[in-house]
Amino acid sequence: MTVSPPFVAAHPPHPDFNAMTDAEFRTCVREFVQTNYPDIPRFAQRRLRWPEVSPWYAILAEKGWIAPTWPQNLGGMGLEASKHLILIEEYERHGCARVHDIGTVMLGPLLMQYGTQDQQDLYLPRILRGEDVWAQGYSEPGAGSDLAALRTEALRDGDTWVINGQKTWVTLGADANMVFVLARTDKTVKKQAGISFLLVPMDADGVTVRPIENLEGHAEFCEIFFDNVRIPLGNIVGEVNQGWSMAKALLGHERVFIGAPRLSANALARLEAIARREGLWHDPAFRDRFAVLAMDLADLTDLFESYVQRLRDGTPIGPDVGTLKIFQSELYQRISEEMMMISGSLAGMKIGDDGDRQMDAAGTFLAARPTTIFGGSTEVMRNVLARGSLGLPK
Amino acid sequence: MTTQSEEWAENIRMLVESAGAVVPEDGSLDRIRAARHQAPGFERDVWSTMGEMGWLAILSNEDVGGLGLGLREAVALCAVLGRGLVPEPAVSALHAIRLTEQAGAVPQDALTGDIVMVAAWQSSPLSLEPSKGVELTDGTLSGTKIAVDGGTGADVFAVTTPQGLVLVPRDAAGLTSTAIPMHDGTICAELHFDRVAATSLPCPDVDNPLYEAMLLHAGYLMGVSEQAFEITLDYLRVRKQFDVPIGSFQALQHRATEIKVQLELARAAIHAAATALDHKAEATVAQMSVLRARTRAGGLARLVAREAVQMHGAIGYTDEADIGLYTRKVMVAAGQYGSDAPLRSQFMALRETVRDQQGACA
């Protein structure tokens with residue numbers, strides 16, 4: 001696959017965003033978005049593919065805004081969580097497409113914590129410039145909820161790792177030129193103790209990609225096959241066999257952000273729009289159900305902010321974060337189900353990119369399905385909570 | 001320099017430590033069990049201790065003899081009282097004290113615990129409107145207030161009326177008090193006022209003290225829920241059937257985690273509401289936050305109550321097992337200071353107000 005030409009990363013020095021008042025920062029973001037958002041879809045219900053979304057990535061990269069939470073000395077905006085929330089809210093208000101963010105959200109912070117200086121110097125600027133688009137290679141056909149059972153194997157041969165195996169459910173994998181992979185590097189120890197974290201170029205010999213169409217009809221994720229793929233020995237983050245603990249640290253962060261109220265908030269606004277259109281807004285039965293959802297959303301926001309505060313304070317995120325992930329994903333689904341219930345015969349109407357996506361009940365229902373599956377299924381999260389947090393026996 | 005957040009955290013730590021004076025640290029419920037169904041449903045000497053500890057003065061300004069602490073501290077204290085199922089009507093008393101503070105007439109002996117002063121604010125079971133139920137005409141008070149917690153043992157009632165606040169001694173001519181036994185062993189009062197001689201005190205805002213009390217009660221419910229949940233988790237860990245602890249069964253584990261989810265939500269919502277009140281957030285915003293916190297705490301408590309009985313099995317349905325004391329408490333407390341239907345409709349009403357204001361600004 002080809003990646004667009006590198007984006008300019010040289011931008012004027014940032015102000016101290018955190019020193020701005022919330023209102024000042026909000027105005028600053030809003031004006032930037034209104035002036036600069038390119039001519040690409042807004043309020044898209046699906047993830048835009050790289051050729052569609054790369055103009056927006058380029059604009060953010062040029063502005064120096066592609067990595068909101070990275071420190072400024074590494075090319076980020078250095079935003080604290082409350083400012084980051086405002087940034088997200090303003091992007092949402094305008095309906096900005098989500099850019100490919102595995103590099104900025106997942107790999108970048110991992111490299112900052114565990115990567116060598118050389119790895120940071122090489123990969124961080126390439127992410128900032130959009131030269132590398134990363135994908136995450138975790139799940140396998142036989143290792144979903146039981147991720148540590150993964151079988152993709154990396155064997156050392158002189159100064160290379162030789163990788164054989166298969167990854168699946170790789171979100172936007174067909175757009176990526178790089179993938180990070182959890183691979184088994186020791187079969188003789190407990191399954192969690194023999195896993196390493198490897199960095200693999202997608203154009204290496206022996207890498208094959210097969211797109212998979214999801215329930216919404218989009219080829220958003222894919223399978224990746226590794227057939228004697230050779231990568232340099234140095235393409236490993238952390239020590240050999242340390243991959244599991246690093247992957248778990250990443251998942252903790254991921255679960256906070258999957259727990260963000262954004263998706264449910266959007267869906268609730270659409271539910272209100274449908275109810276008003278269908279004349280149900282003043283129906284007492286509907287209003288009571290709506291009140292439950294609205295109060296759930298507001299409570300979720302309070303819980304989310306308490307976790308954001310923990311991230312800000314550097315307090316470790318323990319297994320309790322599962323409560324956030326479980327509740328947000330189930331709330332999103334409950335709202336989407338209510339949308340289906342009040343949309344009647346038009347619930348299943350297919351709405352394209354140009355249609356009124358506010359009314360897309362079935363699209364929302366489908367979009368809400370994977371949130372209880374990815375990033376740790378609800379059932380696995382509950383197992384983890386029961387043992388790790390409540391101390392119930394195995 | 002200690003930051004503000006460290007200061008309230010430290011205050012809370014000290015309060016929770018001091019609570020051992022009333023709530024036994026070993027979790028013993030012997031006192032609670034013995035005091036059930038005995039008039040007036042609580043103990044005066046414990047009340048005095050609570051006064052000596054300064055708990056009744058926790059929210060009041062220092063210039064009227066209070067500790068001047070915030071809702072975050074007071075909520076934490078109420079949670080400890082909930083954990084111990086303390087039947088003394090602390091929330092109702094704090095409500096009454098805040099009302100008299102509004103009126104600029106805090107009785108010092110109420111702050112110190114020398115007398116019991118409780119709030120008579122509610123006119124009907126679903127009402128959240130404290131001015132309803134009574135009328136003040138020609139210097140006399142008439143009407144009815146219901147569900148007065150601790151009412152059978154109170155010395156003074158702080159009665160909310162459309163014309164302000166009225167303090168009525170329990171032996172006032174024209175006041176009839178009917179004792180209402182409750183399932184948790186406490187005894188509420190229904191008060192009938194028949195031309196009781198009364199002077200009204202100006203009380204510019206009867207709502208704010210009510211919302212504070214709703215939040216304190218949410219804290220109490222959270223404490224009840226936390227302790228009932230911990231007792232149940234202990235039981236799941238030790239009770240064996242089929243040669244294994246029943247807590248190893250995934251069906252029970254997943255249900256237990258739902259309680260954990262609701263508990264975390266309640267904790268976050270209560271903390272956010274207390275912070276909003278402490279920071280003097282805009283009234284509508286703070287009230288919506290309190291309505292949520294109170295709703296969540298009630299739902300949590302009912303969830304814990306029914307799961308606790310079911311997970312304990314037959315022993316959970318006996319009077320001798322302590323878990324039943326928690327279930328009975330929830331049956332009573334989940335409906336006090338708000339219940340789901342009025343809390344939700346009030347939330348929706350305020351939500352529209354906020355929307356209208358935002359629309360007007362835009």
# chains A, B, ... in the order shown; residues from 1 in each chain; ligands from 1

call {"tool": "interface_residues", "arguments": {"of": "chain A", "to": "chain B", "cutoff": "12 Å", "atoms": "only C-alpha atoms", "output": "PyMOL selection string"}}
result
chain A and resi 281-282+284-307+309+319-328+330+378-394

call {"tool": "closest_residue", "arguments": {"among": "A:Tyr123, A:Tyr57, A:Phe25, A:Phe17", "to": "Val237 in chain A", "atoms": "only C-alpha atoms"}}
result
A:Tyr123

call {"tool": "residues_around", "arguments": {"residues": "range 146-161 of chain B", "least_positions_apart": "6", "cutoff": "9 Å", "atoms": "only C-alpha atoms", "output": "number ranges by chain"}}
result
B: 39-44, 87-93, 95-97, 99-100, 115-125, 130-136, 167-171, 177-180, 186-192, 200, 203, 206, 336

call {"tool": "write_last_selection", "arguments": {"atoms": "C-alpha atoms", "output": "mmCIF file, in the first residue's frame"}}
result
data_model
loop_
_atom_site.group_PDB
_atom_site.id
_atom_site.type_symbol
_atom_site.label_atom_id
_atom_site.label_comp_id
_atom_site.auth_asym_id
_atom_site.auth_seq_id
_atom_site.Cartn_x
_atom_site.Cartn_y
_atom_site.Cartn_z
ATOM 1 C CA ALA B 39 -39.641 4.084 70.738
ATOM 2 C CA PRO B 40 -38.353 6.508 69.656
ATOM 3 C CA GLY B 41 -36.303 4.296 67.285
ATOM 4 C CA PHE B 42 -32.940 5.782 68.244
ATOM 5 C CA GLU B 43 -30.865 6.510 71.360
ATOM 6 C CA ARG B 44 -30.461 9.908 73.001
ATOM 7 C CA PRO B 87 -30.705 4.929 63.143
ATOM 8 C CA GLU B 88 -30.186 8.373 64.689
ATOM 9 C CA PRO B 89 -31.748 10.890 62.275
ATOM 10 C CA ALA B 90 -28.557 12.718 61.293
ATOM 11 C CA VAL B 91 -29.619 13.675 57.766
ATOM 12 C CA SER B 92 -32.947 15.039 58.905
ATOM 13 C CA ALA B 93 -31.203 17.005 61.674
ATOM 14 C CA HIS B 95 -31.436 19.400 56.968
ATOM 15 C CA ALA B 96 -33.171 21.221 59.823
ATOM 16 C CA ILE B 97 -29.961 22.948 60.893
ATOM 17 C CA LEU B 99 -32.840 25.527 57.176
ATOM 18 C CA THR B 100 -32.454 27.449 60.415
ATOM 19 C CA ILE B 115 -31.765 18.666 71.656
ATOM 20 C CA VAL B 116 -33.039 16.745 68.640
ATOM 21 C CA MET B 117 -34.303 19.036 65.898
ATOM 22 C CA VAL B 118 -35.460 17.410 62.663
ATOM 23 C CA ALA B 119 -36.944 18.666 59.407
ATOM 24 C CA ALA B 120 -40.664 18.321 58.681
ATOM 25 C CA TRP B 121 -40.635 19.099 54.986
ATOM 26 C CA GLN B 122 -42.612 16.526 53.030
ATOM 27 C CA SER B 123 -46.360 16.728 52.388
ATOM 28 C CA SER B 124 -46.977 13.582 50.319
ATOM 29 C CA PRO B 125 -44.910 10.467 49.585
ATOM 30 C CA PRO B 130 -40.883 21.525 50.756
ATOM 31 C CA SER B 131 -43.344 24.416 50.972
ATOM 32 C CA LYS B 132 -46.413 22.217 50.453
ATOM 33 C CA GLY B 133 -48.729 20.635 53.000
ATOM 34 C CA VAL B 134 -49.118 23.419 55.534
ATOM 35 C CA GLU B 135 -50.363 26.997 55.598
ATOM 36 C CA LEU B 136 -49.487 29.829 57.924
ATOM 37 C CA LEU B 167 -39.880 26.055 64.509
ATOM 38 C CA VAL B 168 -42.447 24.030 66.447
ATOM 39 C CA PRO B 169 -41.689 22.404 69.817
ATOM 40 C CA ARG B 170 -43.041 18.880 70.132
ATOM 41 C CA ASP B 171 -45.354 19.857 73.001
ATOM 42 C CA SER B 177 -47.854 13.386 66.274
ATOM 43 C CA THR B 178 -48.672 9.903 65.022
ATOM 44 C CA ALA B 179 -45.947 7.258 65.264
ATOM 45 C CA ILE B 180 -45.399 5.265 62.058
ATOM 46 C CA THR B 186 -37.117 3.140 63.110
ATOM 47 C CA ILE B 187 -40.254 5.116 63.852
ATOM 48 C CA CYS B 188 -41.328 8.032 61.671
ATOM 49 C CA ALA B 189 -43.868 10.651 62.636
ATOM 50 C CA GLU B 190 -46.806 12.109 60.803
ATOM 51 C CA LEU B 191 -47.485 15.587 62.125
ATOM 52 C CA HIS B 192 -50.866 17.299 62.132
ATOM 53 C CA SER B 200 -42.342 32.358 60.612
ATOM 54 C CA CYS B 203 -36.110 31.433 54.623
ATOM 55 C CA VAL B 206 -35.961 26.193 51.079
ATOM 56 C CA GLN B 336 -36.725 8.739 51.770
#

call {"tool": "residues_around", "arguments": {"residues": "Ala301 in chain B", "least_positions_apart": "2", "cutoff": "9 Å", "atoms": "only C-alpha atoms", "output": "list in words"}}
result
Leu221, Met222, Val224, Ser225, Glu226, Ala228, Arg296, Ala297, Gly298, Gly299, Leu303, Val304, Ala305, Arg306, Thr327, Val330, Met331, Ala333 and Ala334 of chain B

call {"tool": "write_last_selection", "arguments": {"atoms": "N, CA and C atoms", "output": "compact mmCIF listing (two decimals), in the first residue's frame"}}
result
# COMPACT_ATOMS: atom_id res chain seq x y z
N LEU B 221 -27.07 6.05 51.87
CA LEU B 221 -27.45 4.86 51.09
C LEU B 221 -26.23 4.17 50.50
N MET B 222 -25.24 4.98 50.09
CA MET B 222 -24.04 4.37 49.52
C MET B 222 -23.30 3.58 50.59
N VAL B 224 -24.64 2.16 53.26
CA VAL B 224 -25.42 0.94 53.47
C VAL B 224 -25.07 -0.09 52.39
N SER B 225 -25.04 0.37 51.15
CA SER B 225 -24.79 -0.53 50.02
C SER B 225 -23.39 -1.12 50.07
N GLU B 226 -22.41 -0.27 50.37
CA GLU B 226 -21.02 -0.75 50.41
C GLU B 226 -20.87 -1.87 51.43
N ALA B 228 -23.24 -3.77 52.86
CA ALA B 228 -24.03 -4.96 52.52
C ALA B 228 -23.32 -5.76 51.43
N ARG B 296 -29.19 7.32 41.64
CA ARG B 296 -28.24 6.22 41.50
C ARG B 296 -28.08 5.48 42.82
N ALA B 297 -27.98 6.24 43.91
CA ALA B 297 -27.76 5.62 45.21
C ALA B 297 -28.96 4.75 45.60
N GLY B 298 -30.17 5.20 45.27
CA GLY B 298 -31.36 4.42 45.59
C GLY B 298 -31.42 3.13 44.78
N GLY B 299 -31.12 3.25 43.50
CA GLY B 299 -31.12 2.06 42.63
C GLY B 299 -30.06 1.07 43.07
N LEU B 303 -30.66 -2.77 44.43
CA LEU B 303 -29.97 -3.87 43.76
C LEU B 303 -29.19 -4.71 44.77
N VAL B 304 -28.42 -4.04 45.62
CA VAL B 304 -27.63 -4.76 46.62
C VAL B 304 -28.56 -5.53 47.55
N ALA B 305 -29.65 -4.90 47.96
CA ALA B 305 -30.55 -5.53 48.93
C ALA B 305 -31.08 -6.85 48.38
N ARG B 306 -31.54 -6.83 47.14
CA ARG B 306 -32.15 -8.08 46.64
C ARG B 306 -31.09 -9.12 46.30
N THR B 327 -31.06 -5.17 54.33
CA THR B 327 -32.18 -5.23 53.39
C THR B 327 -33.36 -4.41 53.91
N VAL B 330 -32.72 -0.72 53.57
CA VAL B 330 -32.89 -0.24 52.19
C VAL B 330 -34.37 -0.07 51.87
N MET B 331 -35.19 -1.01 52.32
CA MET B 331 -36.63 -0.91 52.03
C MET B 331 -37.19 0.43 52.50
N ALA B 333 -35.04 3.31 53.51
CA ALA B 333 -34.23 4.48 53.15
C ALA B 333 -34.26 4.80 51.66
N ALA B 334 -34.47 3.77 50.82
CA ALA B 334 -34.44 4.02 49.37
C ALA B 334 -35.57 4.94 48.94

call {"tool": "select_by_dssp", "arguments": {"residues": "range 45-252 of chain B", "states": "strand (DSSP E or B)", "output": "VMD selection string"}}
result
chain B and resid 117 to 120 134 to 137 140 to 148 156 to 161 164 to 169 175 to 181 187 to 197 200 to 201 240 to 241 244 to 245

call {"tool": "atom_distance", "arguments": {"atom1": "CA of Val33 in chain A", "atom2": "CA of Ala19 in chain A"}}
result
20.6 Å

call {"tool": "residues_around", "arguments": {"residues": "Ile351 in chain A", "least_positions_apart": "2", "cutoff": "12 Å", "atoms": "only C-alpha atoms", "output": "MDAnalysis selection string"}}
result
chainID A and resid 44:46 216 346:349 353:364

call {"tool": "residues_around", "arguments": {"residues": "Asp175 in chain A", "least_positions_apart": "4", "cutoff": "10 Å", "atoms": "only C-alpha atoms", "output": "MDAnalysis selection string"}}
result
chainID A and resid 1:3 49:51 100 133:135 171 202 220:222

call {"tool": "residues_around", "arguments": {"residues": "range 64-79 of chain A", "least_positions_apart": "2", "cutoff": "9 Å", "atoms": "only C-alpha atoms", "output": "PyMOL selection string"}}
result
chain A and resi 9-18+57-62+81-84+87+99+101+104-105+108-109+124-125+127-129

call {"tool": "select_by_dssp", "arguments": {"residues": "range 24-133 of chain A", "states": "helix (DSSP H, G or I)", "output": "number ranges by chain"}}
result
A: 24-36, 50-63, 72-74, 81-94, 102-114, 117-129

call {"tool": "atom_distance", "arguments": {"atom1": "CA of Cys28 in chain A", "atom2": "CA of Gly103 in chain A"}}
result
25.2 Å

call {"tool": "atom_distance", "arguments": {"atom1": "CA of Val106 in chain B", "atom2": "CA of Ala57 in chain B"}}
result
10.2 Å
